Each structure stands twice: as C-alpha cells, then as structure tokens.
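What follows is the content of data_29.txt (compact mmCIF, C-alpha atoms).
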```txt
# COMPACT_ATOMS: atom_id res chain seq x y z
CA MET A 1 147.11 11.09 181.33
CA LEU A 2 146.31 14.73 180.62
CA THR A 3 149.58 15.89 182.23
CA SER A 4 151.54 13.33 180.20
CA THR A 5 149.89 14.36 176.93
CA VAL A 6 150.62 18.05 177.49
CA LEU A 7 154.21 17.30 178.52
CA LEU A 8 154.67 15.07 175.49
CA ALA A 9 153.51 17.95 173.27
CA PHE A 10 156.04 20.29 174.92
CA ALA A 11 158.87 17.76 174.61
CA LEU A 12 158.14 17.06 170.94
CA THR A 13 157.92 20.78 170.20
CA HIS A 14 161.36 21.18 171.73
CA LEU A 15 162.90 18.26 169.86
CA ILE A 16 161.36 18.74 166.41
CA ARG A 17 162.97 21.34 164.18
CA ALA A 18 160.38 23.12 162.06
CA PRO A 19 160.60 26.12 159.72
CA GLU A 20 159.59 29.45 161.15
CA PHE A 21 158.96 32.93 159.85
CA ASN A 22 158.03 36.32 161.20
CA LEU A 23 154.78 38.05 160.40
CA GLU A 24 155.84 41.69 159.90
CA ILE A 25 153.27 44.41 159.38
CA GLN A 26 153.93 48.14 159.40
CA LEU A 27 150.82 49.51 161.11
CA PRO A 28 150.12 53.21 161.62
CA GLY A 29 152.34 54.22 164.53
CA PHE A 30 154.13 50.96 165.11
CA PHE A 31 155.83 48.01 163.52
CA PHE A 32 154.07 44.72 164.34
CA LEU A 33 156.23 41.63 164.39
CA LEU A 34 154.82 38.26 165.37
CA PRO A 35 157.06 35.19 165.24
CA LEU A 36 155.14 32.28 163.68
CA ASN A 37 156.77 29.02 164.65
CA LEU A 38 156.01 25.58 166.02
CA SER A 39 156.30 26.77 169.65
CA ALA A 40 153.69 29.51 169.16
CA ALA A 41 151.30 27.10 167.42
CA MET A 42 151.82 24.39 170.04
CA SER A 43 151.25 26.86 172.91
CA VAL A 44 147.77 27.55 171.57
CA LEU A 45 147.12 23.87 170.77
CA THR A 46 148.27 22.58 174.17
CA ALA A 47 146.16 25.24 175.92
CA GLY A 48 143.18 24.03 173.89
CA LEU A 49 144.07 20.42 174.68
CA THR A 50 144.13 21.27 178.40
CA ALA A 51 140.76 23.00 178.26
CA THR A 52 139.09 20.08 176.48
CA GLY A 53 140.95 17.52 178.61
CA MET A 54 139.88 19.17 181.86
CA ASP A 55 136.32 19.45 180.59
CA TRP A 56 136.36 15.72 179.78
CA LEU A 57 137.72 14.90 183.28
CA LEU A 58 135.21 17.12 185.07
CA ARG A 59 132.18 15.69 183.26
CA ASP A 60 132.59 12.51 185.33
CA HIS A 61 132.94 14.38 188.63
CA PRO A 62 130.24 13.10 191.02
CA SER A 63 129.63 16.59 192.50
CA LEU A 64 129.45 18.53 189.23
CA GLY A 65 125.67 18.42 189.18
CA GLY A 66 125.18 19.84 185.68
CA ARG A 67 127.15 23.03 186.37
CA PRO A 68 129.22 24.48 183.49
CA THR A 69 132.86 23.38 183.73
CA TYR A 70 134.67 26.51 182.46
CA GLN A 71 135.51 27.87 185.92
CA TRP A 72 137.68 24.80 186.58
CA TRP A 73 139.54 24.76 183.31
CA LEU A 74 140.40 28.48 183.08
CA LEU A 75 143.45 28.23 185.35
CA PRO A 76 144.76 24.93 183.88
CA THR A 77 144.48 26.45 180.39
CA LEU A 78 146.35 29.55 181.50
CA THR A 79 148.94 27.35 183.24
CA THR A 80 149.64 25.38 180.07
CA PHE A 81 149.86 28.53 177.99
CA VAL A 82 152.16 30.32 180.45
CA ILE A 83 154.59 27.46 181.05
CA GLY A 84 154.90 27.11 177.28
CA VAL A 85 156.50 30.60 177.15
CA PRO A 86 159.69 29.88 179.17
CA LEU A 87 159.93 26.40 177.60
CA SER A 88 159.98 27.97 174.14
CA ILE A 89 162.52 30.66 175.16
CA LEU A 90 165.03 28.58 177.15
CA PRO A 91 167.86 26.99 175.19
CA SER A 92 168.39 23.22 175.20
CA GLY A 93 170.28 21.89 178.17
CA PRO A 94 169.84 20.95 181.83
CA ALA A 95 167.96 24.21 182.60
CA TRP A 96 165.33 23.32 179.99
CA TRP A 97 164.80 19.82 181.43
CA VAL A 98 164.60 21.17 185.00
CA SER A 99 161.98 23.69 183.81
CA PHE A 100 160.18 20.86 182.03
CA LEU A 101 160.01 18.83 185.27
CA ILE A 102 158.80 21.85 187.24
CA ALA A 103 156.20 22.51 184.53
CA GLY A 104 154.98 18.91 184.81
CA THR A 105 154.66 19.18 188.59
CA PHE A 106 152.76 22.47 188.23
CA LEU A 107 150.36 21.00 185.71
CA PHE A 108 149.72 17.91 187.80
CA PHE A 109 148.91 19.94 190.93
CA VAL A 110 146.68 22.37 189.01
CA PHE A 111 144.68 19.55 187.41
CA VAL A 112 144.26 17.66 190.69
CA SER A 113 143.47 20.80 192.72
CA GLU A 114 140.87 22.04 190.24
CA TYR A 115 139.25 18.61 190.26
CA ILE A 116 139.11 18.65 194.09
CA VAL A 117 137.63 22.18 194.43
CA VAL A 118 134.59 21.19 192.36
CA ASP A 119 133.25 19.77 195.63
CA PRO A 120 133.43 22.30 198.52
CA GLY A 121 132.97 19.42 200.95
CA ALA A 122 136.00 17.49 199.67
CA PRO A 123 138.56 16.52 202.36
CA HIS A 124 141.44 18.41 200.71
CA TYR A 125 139.39 21.44 199.63
CA ALA A 126 141.27 24.04 201.73
CA ILE A 127 144.74 22.88 200.69
CA SER A 128 143.66 22.68 197.04
CA MET A 129 142.37 26.24 197.25
CA ALA A 130 145.69 27.38 198.70
CA ILE A 131 147.61 25.54 195.96
CA LEU A 132 145.50 27.13 193.21
CA THR A 133 145.95 30.59 194.72
CA ALA A 134 149.72 30.13 194.99
CA ILE A 135 149.92 28.76 191.45
CA SER A 136 147.93 31.71 190.08
CA TYR A 137 150.45 34.19 191.48
CA THR A 138 153.41 32.03 190.45
CA LEU A 139 152.11 31.81 186.89
CA PHE A 140 151.88 35.57 186.68
CA LEU A 141 155.43 35.84 188.05
CA VAL A 142 156.71 33.25 185.54
CA LEU A 143 154.97 34.99 182.64
CA SER A 144 156.22 38.48 183.53
CA VAL A 145 159.79 37.19 184.06
CA ALA A 146 159.70 35.18 180.80
CA LEU A 147 158.32 38.09 178.76
CA ARG A 148 160.97 40.41 180.17
CA TYR A 149 163.70 37.81 179.60
CA GLY A 150 162.54 37.40 176.02
CA THR A 151 162.61 41.23 175.57
CA ALA A 152 158.98 41.24 174.44
CA ARG A 153 157.74 44.43 172.80
CA LEU A 154 155.21 46.59 174.64
CA TYR A 155 152.36 45.55 172.30
CA ILE A 156 152.98 41.87 173.16
CA LEU A 157 153.71 42.48 176.85
CA THR A 158 150.61 44.50 177.72
CA PRO A 159 147.88 42.20 176.32
CA GLY A 160 149.71 39.12 177.65
CA LEU A 161 150.01 40.50 181.16
CA PHE A 162 146.49 41.98 181.09
CA LEU A 163 144.98 38.60 180.26
CA ALA A 164 147.10 36.77 182.84
CA ALA A 165 146.40 39.31 185.61
CA ALA A 166 142.67 39.35 184.84
CA LEU A 167 142.36 35.53 184.78
CA ALA A 168 144.55 34.99 187.85
CA SER A 169 142.70 37.57 189.96
CA LEU A 170 139.31 36.37 188.66
CA ARG A 171 140.10 32.79 189.71
CA ILE A 172 141.53 33.78 193.11
CA LEU A 173 138.58 36.05 193.90
CA HIS A 174 136.14 33.35 192.83
CA LEU A 175 137.88 30.81 195.05
CA ARG A 176 137.64 33.17 198.02
CA SER A 177 134.18 34.67 197.56
CA GLY A 178 132.39 32.25 195.24
CA GLN A 179 131.46 35.24 193.02
CA TRP A 180 132.76 36.17 189.58
CA GLU A 181 134.25 39.58 190.37
CA TYR A 182 134.67 40.79 186.77
CA ALA A 183 134.88 44.49 187.64
CA TRP A 184 137.61 43.93 190.25
CA SER A 185 139.58 41.62 187.93
CA LEU A 186 139.48 44.04 185.02
CA GLY A 187 140.44 46.93 187.31
CA ILE A 188 143.34 44.94 188.81
CA ALA A 189 144.56 43.90 185.35
CA PHE A 190 144.30 47.49 184.11
CA VAL A 191 146.42 48.82 187.00
CA CYS A 192 148.98 46.00 186.61
CA VAL A 193 149.35 46.72 182.91
CA GLN A 194 149.68 50.47 183.47
CA ILE A 195 152.53 49.84 185.92
CA ALA A 196 154.07 47.22 183.59
CA ALA A 197 154.05 49.75 180.74
CA SER A 198 155.68 52.38 182.92
CA LEU A 199 158.37 49.91 184.06
CA HIS A 200 158.93 48.58 180.55
CA TYR A 201 161.80 50.93 179.68
CA TRP A 202 163.40 50.91 183.11
CA PRO A 203 166.71 49.05 183.35
CA LEU A 204 165.23 46.24 185.47
CA SER A 205 166.27 42.61 185.43
CA PRO A 206 163.51 40.08 184.58
CA ILE A 207 163.21 38.98 188.22
CA GLN A 208 162.95 42.58 189.46
CA PHE A 209 160.25 43.28 186.87
CA GLY A 210 158.34 40.11 187.75
CA LEU A 211 158.53 40.69 191.50
CA MET A 212 157.27 44.26 191.24
CA LEU A 213 154.27 43.23 189.13
CA THR A 214 153.45 40.12 191.14
CA GLY A 215 153.61 42.15 194.37
CA LEU A 216 151.16 44.58 192.83
CA LEU A 217 148.83 41.80 191.65
CA TYR A 218 148.93 40.18 195.09
CA GLY A 219 148.33 43.50 196.84
CA LEU A 220 145.36 44.50 194.69
CA THR A 221 143.76 41.04 194.76
CA SER A 222 144.22 40.83 198.50
CA LEU A 223 142.66 44.30 198.87
CA ALA A 224 139.66 43.18 196.81
CA VAL A 225 139.25 40.08 199.00
CA ASN A 226 139.52 42.11 202.23
CA LEU A 227 137.05 44.75 201.07
CA GLY A 228 134.71 41.98 199.87
CA GLU A 229 134.75 40.61 203.41
CA ASP A 230 133.57 44.04 204.65
CA GLN A 231 136.79 44.81 206.49
CA PRO A 232 137.35 48.48 207.39
CA ALA A 233 139.41 50.22 204.68
CA ARG A 234 142.44 50.80 206.92
CA ARG A 235 142.57 47.18 208.06
CA ALA A 236 141.96 45.94 204.51
CA LEU A 237 145.03 47.86 203.36
CA ILE A 238 147.52 46.43 205.90
CA GLU A 239 148.26 43.04 204.27
CA PRO A 240 148.39 44.36 200.66
CA VAL A 241 150.72 47.20 201.64
CA ILE A 242 153.06 44.86 203.57
CA ILE A 243 153.26 42.35 200.69
CA LEU A 244 153.71 45.10 198.11
CA GLY A 245 156.45 46.66 200.24
CA LEU A 246 158.20 43.30 200.66
CA CYS A 247 158.10 42.49 196.95
CA TRP A 248 159.23 45.94 195.85
CA GLY A 249 161.87 46.04 198.60
CA LEU A 250 163.20 42.65 197.48
CA ALA A 251 163.19 43.80 193.85
CA ALA A 252 165.19 46.89 194.79
CA PHE A 253 167.93 44.73 196.33
CA LEU A 254 168.05 42.16 193.54
CA GLN A 255 169.83 42.55 190.23
CA MET B 1 176.16 62.14 166.18
CA LEU B 2 178.98 64.50 165.24
CA GLU B 3 176.54 67.21 164.21
CA HIS B 4 174.69 66.93 167.53
CA ILE B 5 177.93 66.85 169.54
CA ASN B 6 179.42 69.86 167.71
CA GLN B 7 176.20 71.79 168.14
CA HIS B 8 176.33 71.41 171.90
CA ALA B 9 180.07 71.66 172.58
CA PRO B 10 181.57 72.67 174.97
CA LEU B 11 178.66 71.07 176.85
CA GLU B 12 178.30 67.29 176.90
CA ALA B 13 175.84 65.95 174.34
CA CYS B 14 174.05 62.60 174.50
CA GLY B 15 171.63 60.27 172.75
CA LEU B 16 170.60 56.72 171.92
CA LEU B 17 171.58 54.33 169.13
CA ALA B 18 168.95 51.96 167.74
CA GLY B 19 169.21 49.09 165.31
CA LYS B 20 169.10 45.34 164.86
CA ALA B 21 171.66 42.59 165.34
CA HIS B 22 174.52 44.85 166.53
CA ARG B 23 174.09 47.16 163.54
CA VAL B 24 173.07 50.73 164.33
CA GLU B 25 170.42 52.06 161.97
CA ARG B 26 169.28 55.21 163.71
CA VAL B 27 170.81 57.90 165.92
CA LEU B 28 168.40 59.55 168.36
CA PRO B 29 169.88 62.73 169.86
CA ILE B 30 168.51 63.65 173.28
CA ARG B 31 168.80 66.93 175.16
CA ASN B 32 171.31 66.99 178.01
CA GLN B 33 169.22 68.19 180.91
CA ALA B 34 172.32 68.84 183.03
CA GLN B 35 173.66 71.39 180.47
CA SER B 36 177.14 70.75 181.83
CA PRO B 37 180.58 70.37 180.23
CA VAL B 38 181.41 67.44 182.52
CA ARG B 39 178.11 65.61 183.03
CA PHE B 40 175.04 64.46 181.14
CA VAL B 41 171.51 63.62 182.25
CA MET B 42 169.11 62.68 179.47
CA ASP B 43 165.88 64.65 179.35
CA PRO B 44 163.42 62.01 180.68
CA TYR B 45 160.57 62.97 178.35
CA GLU B 46 162.76 62.89 175.24
CA GLN B 47 164.33 59.64 176.45
CA LEU B 48 160.91 58.03 176.91
CA GLN B 49 159.81 59.22 173.48
CA ALA B 50 162.98 57.76 171.97
CA PHE B 51 162.41 54.40 173.72
CA ALA B 52 158.82 54.31 172.50
CA TRP B 53 159.96 55.11 168.95
CA ILE B 54 162.58 52.33 169.06
CA ASP B 55 159.96 49.85 170.32
CA SER B 56 157.31 50.82 167.80
CA SER B 57 159.83 50.72 164.94
CA GLY B 58 160.77 47.13 165.69
CA LEU B 59 164.34 48.11 166.55
CA ASP B 60 166.44 47.47 169.67
CA LEU B 61 168.43 49.79 171.86
CA LEU B 62 172.05 49.04 170.90
CA GLY B 63 173.97 51.90 172.41
CA ILE B 64 174.10 55.12 174.38
CA PHE B 65 176.41 57.86 173.22
CA HIS B 66 177.69 60.97 174.92
CA SER B 67 180.58 63.36 174.50
CA HIS B 68 183.50 64.30 176.72
CA PRO B 69 184.44 67.68 175.22
CA ALA B 70 187.12 68.14 177.88
CA GLY B 71 188.10 64.46 178.06
CA PRO B 72 188.84 61.80 179.12
CA ASP B 73 188.57 59.49 176.08
CA THR B 74 187.40 56.61 178.27
CA ALA B 75 184.39 55.96 180.49
CA SER B 76 184.57 58.13 183.60
CA GLN B 77 183.86 56.90 187.11
CA THR B 78 180.46 58.61 186.89
CA ASP B 79 179.74 56.83 183.57
CA ILE B 80 180.61 53.47 185.15
CA LYS B 81 178.63 54.17 188.31
CA GLU B 82 175.52 55.37 186.51
CA ALA B 83 175.47 52.89 183.59
CA ALA B 84 172.11 51.14 183.82
CA TYR B 85 171.50 49.47 180.45
CA ASP B 86 173.47 46.54 179.08
CA VAL B 87 174.41 48.21 175.81
CA VAL B 88 177.55 49.69 174.26
CA HIS B 89 178.45 53.10 175.63
CA LEU B 90 179.95 55.20 172.88
CA ILE B 91 182.13 58.02 174.17
CA TRP B 92 183.18 60.90 171.93
CA SER B 93 186.23 62.85 173.04
CA LYS B 94 188.13 65.69 171.40
CA ASP B 95 191.86 66.09 170.83
CA GLN B 96 193.93 68.24 168.47
CA ASN B 97 192.82 66.10 165.49
CA GLY B 98 189.13 66.44 166.22
CA TRP B 99 186.47 64.10 167.63
CA ARG B 100 187.04 60.40 168.03
CA ALA B 101 184.74 57.69 169.37
CA ARG B 102 185.45 54.67 171.52
CA GLY B 103 182.95 52.02 172.59
CA PHE B 104 182.77 50.48 176.05
CA TRP B 105 180.77 47.66 177.55
CA ILE B 106 180.07 48.67 181.15
CA GLN B 107 179.09 45.90 183.51
CA ASN B 108 179.72 45.07 187.18
CA GLY B 109 181.59 48.33 187.76
CA ARG B 110 184.02 47.72 184.94
CA ALA B 111 184.35 49.28 181.47
CA THR B 112 185.73 47.04 178.72
CA GLU B 113 186.52 48.51 175.33
CA VAL B 114 184.71 46.97 172.37
CA SER B 115 185.68 47.30 168.73
CA LEU B 116 183.53 49.45 166.47
CA GLN B 117 183.07 48.93 162.76
CA ILE B 118 181.78 51.49 160.31
CA VAL B 119 179.76 49.90 157.50
CA ASP B 120 177.90 51.37 154.53
```
Would you kindly transcribe this structure into structure tokens?
Amino acid sequence: MLTSTVLLAFALTHLIRAPEFNLEIQLPGFFFLLPLNLSAAMSVLTAGLTATGMDWLLRDHPSLGGRPTYQWWLLPTLTTFVIGVPLSILPSGPAWWVSFLIAGTFLFFVFVSEYIVVDPGAPHYAISMAILTAISYTLFLVLSVALRYGTARLYILTPGLFLAAALASLRILHLRSGQWEYAWSLGIAFVCVQIAASLHYWPLSPIQFGLMLTGLLYGLTSLAVNLGEDQPARRALIEPVIILGLCWGLAAFLQ
Amino acid sequence: MLEHINQHAPLEACGLLAGKAHRVERVLPIRNQAQSPVRFVMDPYEQLQAFAWIDSSGLDLLGIFHSHPAGPDTASQTDIKEAAYDVVHLIWSKDQNGWRARGFWIQNGRATEVSLQIVD
C-alpha cells in the first residue's frame, strides 16, 4: 500500500501540469537559483510520506520491542527522495515509464527488507541486509548520475551528495556493525564531496561521474567495515582498492 | 575576444564563453600556457577560476574560443582530437582582411560548422 501511494504521487506529479518559478537570489559570491515546482515539492512530500508510512508499518512489528523506528525509515526516505530526482528530470516517454517501474521495484524491496531486518533472527535477514547494502550504493549512483545529467550547480551538487553519502554509509555501517558510526559516515561523505567538487568541471559523462564517486563511497565504506572488524591495515585496504580501481577503470573506458 | 587575440598574436590565444540559452553574455580570456603560434593549452588555474565564476554567476559554459593566427580557418586535427566539452568551438583565423570567426560543434571525431549570430 505504501509503495502504491508513493508511486501514485510520482505518477500524478508527472501527469499534472502546474505553474513553476525559479527562486533567484544574488548572494555574496554566487548566484543562487532554486527551481520551485511541483516535482520539487512532491519530492519532499513523498519522502515525508515514506518516513511516516514506514513508521506506521514498523509500529506493528512483533520484534520492535519499543525501540525507536528511525533507523529503519532513513533508507526508505532517502530512496523515495533520490528516485524522485531522475523521475522529475526524464522527459515523458517509454524511458520514464521504465524508470517508474524500476523505482517501484526498488521501493518495494527497500520497504520489505527494512521490515525484515528489524528482527535479526528473521529467516531472510542476511539476504535483506545484502539488498539494503546494494540499494544504498545504487541510490548514490543514481543520484550522482541524475545530478550530473541535470547539470546541477556545485552548491546543489555538494550538499545533495554529502547527505546521500553520509546516510548511505551510516546505514551500511550500522547494518554491518550494529553501531551508529557517525564519525566514519561524516568523514566518508566529506571525502566523497571533495572529490565530487574536484570532478565537477571535468568533461565527464554522467555515468563516468557516478561510477567514480560510487567506487569511492564503496571503497571508503568497505575500509571502515574492515577496520571495524580489526583487520590489519594492509588486508583491510585490499578490497576497497580493488573495487575503487575497477570502478575508476570502468569509468575511464566509458563515455 | 578580438582585443585578447590581437594582444597575443602571433601566439594562439584562448578563452571561454559563458551565457544562457545559446546567448553569450561574457567572454573570459584565459592565458595560453603553451605560448605557441600553433597550439593552445589553457592555464589550469585560470580555467578553474573561470569555471567557478561561470557556476557562481548562474551562467553556463557555451563555447571555447581560440585563435589560429597562421591558419587554418577550421578546426585542426589537434582541436578535434582534444575537444572535451560539448560546446561550440569558436575559431578565429586571420587573412588579408583581418580576423574572422567560425563556430564548430566537435563531437565523435568530427567538426560540424554551426551558424553564429551577432545580437545587440
């Protein structure tokens, strides 16, 4: 029901034509332009709808045991917000409807997986954890590709990617260690944004840009997990370096 | 552009063109690090500063200009090979009547001429 409601909101946003205007402010040092339209408003509203919807679903979970629910609705909220970006950028046509179907599948799996991981003893706990980890990285890839495709300005790109990198790494690290690794997540997000800013003016295609940043996010998060498991530094570096090399190597060959 | 190009001739001069909706509003001259009559390499620091200025001014990169003081009046093989941004490449060349500019869209190893319009 929650998936259907969010998808209905996305579909209606796409079909309804509403007036839009740009908020333009000349601030000291830069020109701030924020498009105010139905898509932007609905992205925030659907993210809020997801958070409250997930909270409502989790309250009836038999294994919740009075724990706060926010850790299980962070990723679904981010998912809804992120998939709203390409859906608002893509023009009408088959590509939009294919993206819409993929978005629906993503949402469904995130909602179900988050519900399952509330109980560490659940039969599908391990697979749900793997799905949530994969979706976290995919969301970051989708967001970075969409922002690049939409030629977002640096002042929109950096906070957007910082938030996504911080939330994705925070959720992944919590799934792996059971701890809220705020320092690691903020550090990972900071490094990702620094690299994103330095790549911003390079003549990279959206997929090259997204792959380079997602490889970095994966590498740093994986390093944090390995070090958290008390692996020796050299061994902890092997997997992150291989993945980073693969992603950057692939990006170098793609156009 | 002409002032910048004349100032640096017989060396190649270069720079960026910024604006909105295919209309250039600002010319940003950049130092040619190569200091050559047949080649240009934008000074990376000045180029980065220009990109940051374009971004913070709410404008878009619309074109890259450079001069061919000794010809040709079209995009050279080096221009085609090294074109990285999907924008119009404005090439200034000199003949007996003075400087003239031609615009090219360089993509997939091919340069296609585009029409230029001067507006007030």
For chain B, work out the contacting residues on chain A at 9 Å, counting all atoms listed in the file, and write them as number ranges by chain. A: 26, 29-33, 153-155, 201-204
Please provide the set of residues having any atom within 9 Å of region 7-14 of chain A, restricted to only C-alpha atoms, with same-chain residues fewer than 3 positions apart removed, written as a count of residues only. 18
Scan for residues within 12 Å of the point (154.3, 32.4, 189.5) in the coordinates of the file, using only C-alpha atoms, and reply as a ChimeraX atom specification. /A:78-79,82-83,86,102-103,106,131-146,164-165,168,207,210-211,213-215,217-218
Within-8 Å shell of (179.7, 61.7, 173.8) in input frame, all atoms listed in the file, as a PyMOL selection string: chain B and resi 5+12-14+65-69+90-93+101
Nearest residue to Asn108 (chain B) out of B:His89, B:Lys81, B:Asp95, B:Val38, using all atoms listed in the file? B:Lys81
Quick one: distance from CA of Leu147 (chain A) to CA of Leu15 (chain A) in Å, one decimal?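 For CA of Leu147 (chain A) relative to CA of Leu15 (chain A), the distance reads 22.2 Å.
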Two-atom distance - CA of Tyr70 (chain A), CA of Thr158 (chain A) (Å): 24.5 Å
Any idea what the distance is between CA of Leu101 (chain A) and CA of Ala41 (chain A)? 21.5 Å
Using only C-alpha atoms, can you tell me which of A:Leu90, A:Ile195, A:Ile156, A:Ala224 comes closest to Tyr182 (chain A)?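 Ranked by minimum distance to Tyr182 (chain A), first place goes to A:Ala224.
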Written coordinates, C-alpha atoms of region 124-147 of chain A as a PDB file, in the first residue's frame:
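Saved result, decode-v2.pdb, follows:
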```
ATOM      1  CA  HIS A 124      15.628 -13.735   5.325  1.00  0.00           C
ATOM      2  CA  TYR A 125      17.774 -11.403   7.443  1.00  0.00           C
ATOM      3  CA  ALA A 126      21.071 -11.968   5.558  1.00  0.00           C
ATOM      4  CA  ILE A 127      19.565 -11.504   2.090  1.00  0.00           C
ATOM      5  CA  SER A 128      17.650  -8.418   3.257  1.00  0.00           C
ATOM      6  CA  MET A 129      20.879  -6.944   4.601  1.00  0.00           C
ATOM      7  CA  ALA A 130      22.585  -7.588   1.262  1.00  0.00           C
ATOM      8  CA  ILE A 131      19.666  -5.997  -0.625  1.00  0.00           C
ATOM      9  CA  LEU A 132      19.753  -2.888   1.582  1.00  0.00           C
ATOM     10  CA  THR A 133      23.516  -2.555   1.149  1.00  0.00           C
ATOM     11  CA  ALA A 134      23.252  -2.903  -2.635  1.00  0.00           C
ATOM     12  CA  ILE A 135      20.367  -0.433  -2.776  1.00  0.00           C
ATOM     13  CA  SER A 136      22.298   2.114  -0.703  1.00  0.00           C
ATOM     14  CA  TYR A 137      25.156   2.125  -3.220  1.00  0.00           C
ATOM     15  CA  THR A 138      22.771   2.090  -6.187  1.00  0.00           C
ATOM     16  CA  LEU A 139      20.892   5.087  -4.803  1.00  0.00           C
ATOM     17  CA  PHE A 140      24.099   7.048  -4.509  1.00  0.00           C
ATOM     18  CA  LEU A 141      24.994   6.070  -8.092  1.00  0.00           C
ATOM     19  CA  VAL A 142      21.525   7.082  -9.347  1.00  0.00           C
ATOM     20  CA  LEU A 143      21.675  10.419  -7.514  1.00  0.00           C
ATOM     21  CA  SER A 144      25.170  11.319  -8.731  1.00  0.00           C
ATOM     22  CA  VAL A 145      24.295  10.346 -12.330  1.00  0.00           C
ATOM     23  CA  ALA A 146      20.986  12.257 -12.193  1.00  0.00           C
ATOM     24  CA  LEU A 147      22.575  15.396 -10.725  1.00  0.00           C
TER      25      LEU A 147
END
```
